[in-house]
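First the structure, in the form of structure tokens, and then the observations on it.
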There are 2 protein chains.
Amino acid sequence: MKHITIKDVARQLNVSISTVSRAFNDKYDIRKETRAKILRVADEMGYRPNPIARKLIQQKTLNIGVVVPEFVNSYFPEVIIGIQEVLLNRGYQVLVMQSNECYTTELKNIKALEDSMVDGMIISLSSEAHNNDYYVRMIEKGYPIVFFNRVDENIPASSVIFDDYKWAYFATEHLIKQGCRKIYHFSGYQHLSLSRNRIKGYRKAMDKFCIPYTDDYIIETGFFIEEGQKAMEKLLVEGDVPDAIFATNDPTAIGAMKAIKKAGMKIPDDIALVGFSESKMAEVVDPPLTSVSQPTFEIGRTAAELLLRQINSEGFAAPQTVTLDGKLNVRESSSAKSR
Amino acid sequence: MKHITIKDVARQLNVSISTVSRAFNDKYDIRKETRAKILRVADEMGYRPNPIARKLIQQKTLNIGVVVPEFVNSYFPEVIIGIQEVLLNRGYQVLVMQSNECYTTELKNIKALEDSMVDGMIISLSSEAHNNDYYVRMIEKGYPIVFFNRVDENIPASSVIFDDYKWAYFATEHLIKQGCRKIYHFSGYQHLSLSRNRIKGYRKAMDKFCIPYTDDYIIETGFFIEEGQKAMEKLLVEGDVPDAIFATNDPTAIGAMKAIKKAGMKIPDDIALVGFSESKMAEVVDPPLTSVSQPTFEIGRTAAELLLRQINSEGFAAPQTVTLDGKLNVRESSSAKSR
DNA sequence: AAAGTTTTCGGTAACGTTTTCGGTAACGTT
DNA sequence: AACGTTACCGAAAACGTTACCGAAAACTTT
């Protein structure tokens, strides 16, 4: 495990370390033949420049940190793939960490990344209630950060988000057009703006088509199957049965699906279902789940692009919010409604 | 973005940088009060030791690289969570990269991690055929590496694997006990040892119960839904219909499920199904899929432990293979067979 | 042939730490 | 009073690289 350094190469060739460095950095002030020779011998010796030393003097790590709430569901992994796609090609290394939806570990991750001197970060906030101070301070110091999906409008940073409002509207509209009238919304944690926007879209559609509803129609669940299931079971027990549910994501929709099937009711005939953020599961559950698909890879790619722009702009780049569009995948869970 | 260094702190307090360093490293030869004062002022100034410089002199990065084929399915993410669990607690940082099942990018990732001077790596090989030379050389140089899941017996390294043979046997046995006789096996790429072991387990069970079968019963698919679906469709078209399928993983089983349902046949009555490596989807598909669950988190944890042992043992630690156990989750796709 | 330019290279100072070694007080010991 | 110990601290050398500043050598120009 003994490392070969630039000095060893220099000594071997009877040149100075500056020259070896030049050969490797392809500078102009070196003769072609010397360069070729150095590279050849260095390769034979198995020399590879020590990136730590290089980072120390260049004050850049070429590392980017990514913090996501989880990566067990396919959403975040897909975004990460998009991020890596553009970053790896630009010579950056991507450090992925997960907060497990917990604010404390989120902050711990951020600090770890800071300590590891990443050149910038791409963050999706945990669902736990949180305090923005740390982020605001970092941004004020000029630290390049881009948020996505889970953002907070109070943090003055660039972000890439999905048009939750619009697509929540379309999802609800779709249910209405299928003939549903008593449409409930299983919402995510409402301190997240994405949840609030989806609620807004839901309301807008209900209002527009003059469908009566009360605040009780909006039920705050979490983001997981069990929570959707619990919420639905409660509704069924209470006898307050809707004829459709627009869920904040696929897992909660699938949870509801489980409860409905267990109760012996039919989907979509008794209750229609629409999910959100198209997951791998949507196509394979029975009946297949209608869902709004987000351009996950694209989200990752643009987040990375935004970050690079911020890193490369010496002055302060004005925060910029990119909103991306999706599409509604209609499947059996909401269509062919026979009434 | 100007960083505060140890010098700034030293100047501010009129002490030497050595003293500040001592304060931060909790050395014995410093007065308690000085230490407290330094830490307090340093904190006020927002000083944090530069880890790059520290790494340079200590010749350790406290970084661990993880390379997996993909993380869109939940298997690898869960393993990674296990890995992070033990590594983060020990002060290590985890760098995750994915090879996209491609040998070339796998190697590119490995080299990038090497360049970034990780103290060790945890690797799961891509499914593409590969050449071991690079790994063997690294191991000979004493580089700490642990493999998991996708291993290669020809690489003399520590690894943690699942007892594929045993559980493939149990899965097949389960189908036999349900009354199935014409049991096909959808196998993964056969150059991966895990695929070969699952085939062995399948054969063993068929032999033991004296069920006749031919090599045609073993069909090499890949690891994705589409591949399972294609394989099943082919069987149905050819009219060569089995009464059960033991698939190498859940996606291929679910692919088969799609094809079977589309053909109007019943699961498990016409064809029973068993998957492998329990995924999130197993519980939500219809009918719920019988599958073998692997202790994913535990696999990650032990891989990390093995790696740490290797890093901390100065001499050469003998390669060690840990085999973990799982369990069979019986669900409707294979049970209640009515014949 | 002298002077000016360009090419090519070497020496050395950074980068921000930790670590080794040595030095100065203060204190007790004889 | 001289000496040894201990507790604390500072100076300087590492770690491996790149950046900067010159200087020698080669080549042009006058």
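Going through the structure tokens in order, the chains are called A, B, and so on, while each chain numbers its residues from 1 and the ligands are numbered from 1 in the order shown.
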
Taking only residues of chain A that have an atom at most 8 Å from an atom of chain B, what is each one's shortest atom pair and its distance in Å to one decimal, using only C-alpha atoms, in chain and number order, as CSV?
```
residue,atom,partner,partner_atom,distance
A:Met1,CA,B:Lys141,CA,5.9
A:Arg48,CA,B:Asp115,CA,7.6
A:Pro49,CA,B:Asp115,CA,8.0
A:Asn50,CA,B:Asp115,CA,7.0
A:Pro51,CA,B:Ser116,CA,6.1
A:Ile52,CA,B:Leu56,CA,6.0
A:Ala53,CA,B:Leu56,CA,6.2
A:Lys55,CA,B:Ile52,CA,7.2
A:Leu56,CA,B:Ile52,CA,6.0
A:Phe71,CA,B:Pro77,CA,6.1
A:Val72,CA,B:Ser74,CA,5.1
A:Asn73,CA,B:Ser74,CA,6.6
A:Ser74,CA,B:Val72,CA,5.2
A:Pro77,CA,B:Val72,CA,5.6
A:Glu78,CA,B:Val72,CA,6.6
A:Gln93,CA,B:Ala112,CA,7.9
A:Val94,CA,B:Leu95,CA,7.3
A:Leu95,CA,B:Leu95,CA,5.0
A:Val96,CA,B:Val96,CA,6.0
A:Met97,CA,B:Val94,CA,7.7
A:Ala112,CA,B:Gln93,CA,7.9
A:Asp115,CA,B:Pro51,CA,6.2
A:Ser116,CA,B:Pro51,CA,6.1
A:Met117,CA,B:Pro51,CA,7.5
A:Lys141,CA,B:Met1,CA,5.8
A:Gly142,CA,B:Met1,CA,5.8
A:Tyr143,CA,B:Met1,CA,6.7
A:Ile254,CA,B:Val284,CA,7.4
A:Lys258,CA,B:Val284,CA,7.8
A:Met281,CA,B:Met281,CA,6.2
A:Val284,CA,B:Val285,CA,5.7
A:Val285,CA,B:Val285,CA,4.4
A:Asp286,CA,B:Asp286,CA,5.3
```

Any idea what's packed within 12 Å of DT30 of chain C, counting only C-alpha atoms (C1' of nucleotides), ignoring anything in its chain fewer than 4 positions away? Could you give it as a list in words?
->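 The residues that qualify are DA1, DA2, DC3 and DG4 of chain D.
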
Preceding selection exported with N, CA, C and O atoms (P, O5', C5', C4', C3', O3' and C1' of nucleotides) as an mmCIF file, in the first residue's frame:
```cif
data_model
loop_
_atom_site.group_PDB
_atom_site.id
_atom_site.type_symbol
_atom_site.label_atom_id
_atom_site.label_comp_id
_atom_site.auth_asym_id
_atom_site.auth_seq_id
_atom_site.Cartn_x
_atom_site.Cartn_y
_atom_site.Cartn_z
ATOM 1 P P DA D 1 20.451 30.865 47.266
ATOM 2 O "O5'" DA D 1 21.148 29.680 46.493
ATOM 3 C "C5'" DA D 1 22.392 29.182 46.953
ATOM 4 C "C4'" DA D 1 22.620 27.867 46.276
ATOM 5 C "C3'" DA D 1 22.367 27.906 44.767
ATOM 6 O "O3'" DA D 1 23.320 27.062 44.138
ATOM 7 C "C1'" DA D 1 20.948 26.301 45.757
ATOM 8 P P DA D 2 23.779 27.423 42.663
ATOM 9 O "O5'" DA D 2 23.643 25.963 42.015
ATOM 10 C "C5'" DA D 2 24.302 24.886 42.651
ATOM 11 C "C4'" DA D 2 23.511 23.613 42.412
ATOM 12 C "C3'" DA D 2 23.174 23.351 40.939
ATOM 13 O "O3'" DA D 2 23.727 22.094 40.570
ATOM 14 C "C1'" DA D 2 21.259 23.043 42.318
ATOM 15 P P DC D 3 23.697 21.653 39.007
ATOM 16 O "O5'" DC D 3 22.471 20.633 39.044
ATOM 17 C "C5'" DC D 3 22.439 19.607 40.024
ATOM 18 C "C4'" DC D 3 21.077 18.964 40.033
ATOM 19 C "C3'" DC D 3 20.541 18.624 38.638
ATOM 20 O "O3'" DC D 3 20.438 17.216 38.506
ATOM 21 C "C1'" DC D 3 18.844 19.578 40.024
ATOM 22 P P DG D 4 20.160 16.607 37.023
ATOM 23 O "O5'" DG D 4 18.668 16.077 37.238
ATOM 24 C "C5'" DG D 4 18.406 15.203 38.318
ATOM 25 C "C4'" DG D 4 16.902 15.050 38.500
ATOM 26 C "C3'" DG D 4 16.154 14.603 37.235
ATOM 27 O "O3'" DG D 4 15.214 13.616 37.620
ATOM 28 C "C1'" DG D 4 15.220 16.630 38.045
#
```

Could you please tell me, as a list in words, which residues of chain C have an atom within 10 Å of chain B when using only C-alpha atoms (C1' of nucleotides)?
->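 Listed by rising number, the hits are DC15, DG16, DT17, DT18 and DT19 of chain C.
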
With N, CA and C atoms (P, O5', C5', C4', C3', O3' and C1' of nucleotides) kept, could you save the residues just selected as a tab-separated table (two decimals), in the first residue's frame?
```tsv
chain	number	residue	atom	x	y	z
C	15	DC	P	-1.55	29.99	1.77
C	15	DC	O5'	-2.77	29.05	1.40
C	15	DC	C5'	-2.91	28.37	0.19
C	15	DC	C4'	-3.37	26.95	0.43
C	15	DC	C3'	-3.68	26.61	1.89
C	15	DC	O3'	-5.08	26.78	2.10
C	15	DC	C1'	-2.46	24.85	0.77
C	16	DG	P	-5.59	27.58	3.41
C	16	DG	O5'	-5.59	26.42	4.50
C	16	DG	C5'	-6.49	25.35	4.35
C	16	DG	C4'	-6.11	24.26	5.32
C	16	DG	C3'	-6.06	24.71	6.78
C	16	DG	O3'	-6.77	23.78	7.54
C	16	DG	C1'	-4.08	23.59	6.20
C	17	DT	P	-7.15	24.07	9.03
C	17	DT	O5'	-6.97	22.61	9.63
C	17	DT	C5'	-5.79	22.28	10.32
C	17	DT	C4'	-5.32	20.94	9.83
C	17	DT	C3'	-4.64	20.17	10.94
C	17	DT	O3'	-5.55	19.21	11.42
C	17	DT	C1'	-3.24	20.30	8.98
C	18	DT	P	-5.35	18.70	12.91
C	18	DT	O5'	-4.04	17.81	12.78
C	18	DT	C5'	-4.10	16.57	12.12
C	18	DT	C4'	-2.73	15.93	12.10
C	18	DT	C3'	-2.21	15.49	13.48
C	18	DT	O3'	-1.62	14.22	13.30
C	18	DT	C1'	-0.65	16.95	12.46
C	19	DT	P	-1.31	13.33	14.59
C	19	DT	O5'	0.29	13.35	14.62
C	19	DT	C5'	1.01	13.37	13.39
C	19	DT	C4'	2.48	13.63	13.67
C	19	DT	C3'	2.95	13.26	15.08
C	19	DT	O3'	4.22	12.66	14.98
C	19	DT	C1'	3.45	15.51	14.66
```

Apply DSSP to the structure's backbone, then extract all residues of segment 22-129 of chain A labelled alpha helix (DSSP H) and return them as a PyMOL selection string.
-> chain A and resi 22-25+32-45+51-58+75-89+103-115

Would you kindly report the residues of chain D within 10 Å of chain A, using only C-alpha atoms (C1' of nucleotides), as a ChimeraX atom specification?
-> /D:15-19

Just give me the gap between atom CA of Tyr213 of chain B and atom CA of His191 of chain B in Å, one decimal is fine.
->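 The value is 22.0 Å.
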
Using only C-alpha atoms (C1' of nucleotides), determine which residues lie at most 12 Å from DC27 of chain C, disregarding the query and same-chain residues fewer than 6 positions distant; provide the list as JSON, numbers by chain.
-> {"D": [4, 5, 6, 7]}

Can you list, as an MDAnalysis selection string, all residues belonging to segment 48-286 of chain A that DSSP tags as strand (DSSP E or B)?
-> chainID A and resid 63:68 93:98 120:123 145:148 158:162 183:187 218:220 244:247 272:274 285

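Taking atom CA of Ala23 of chain B and atom CA of Asn89 of chain B as the two end points, the separation is 22.7 Å.
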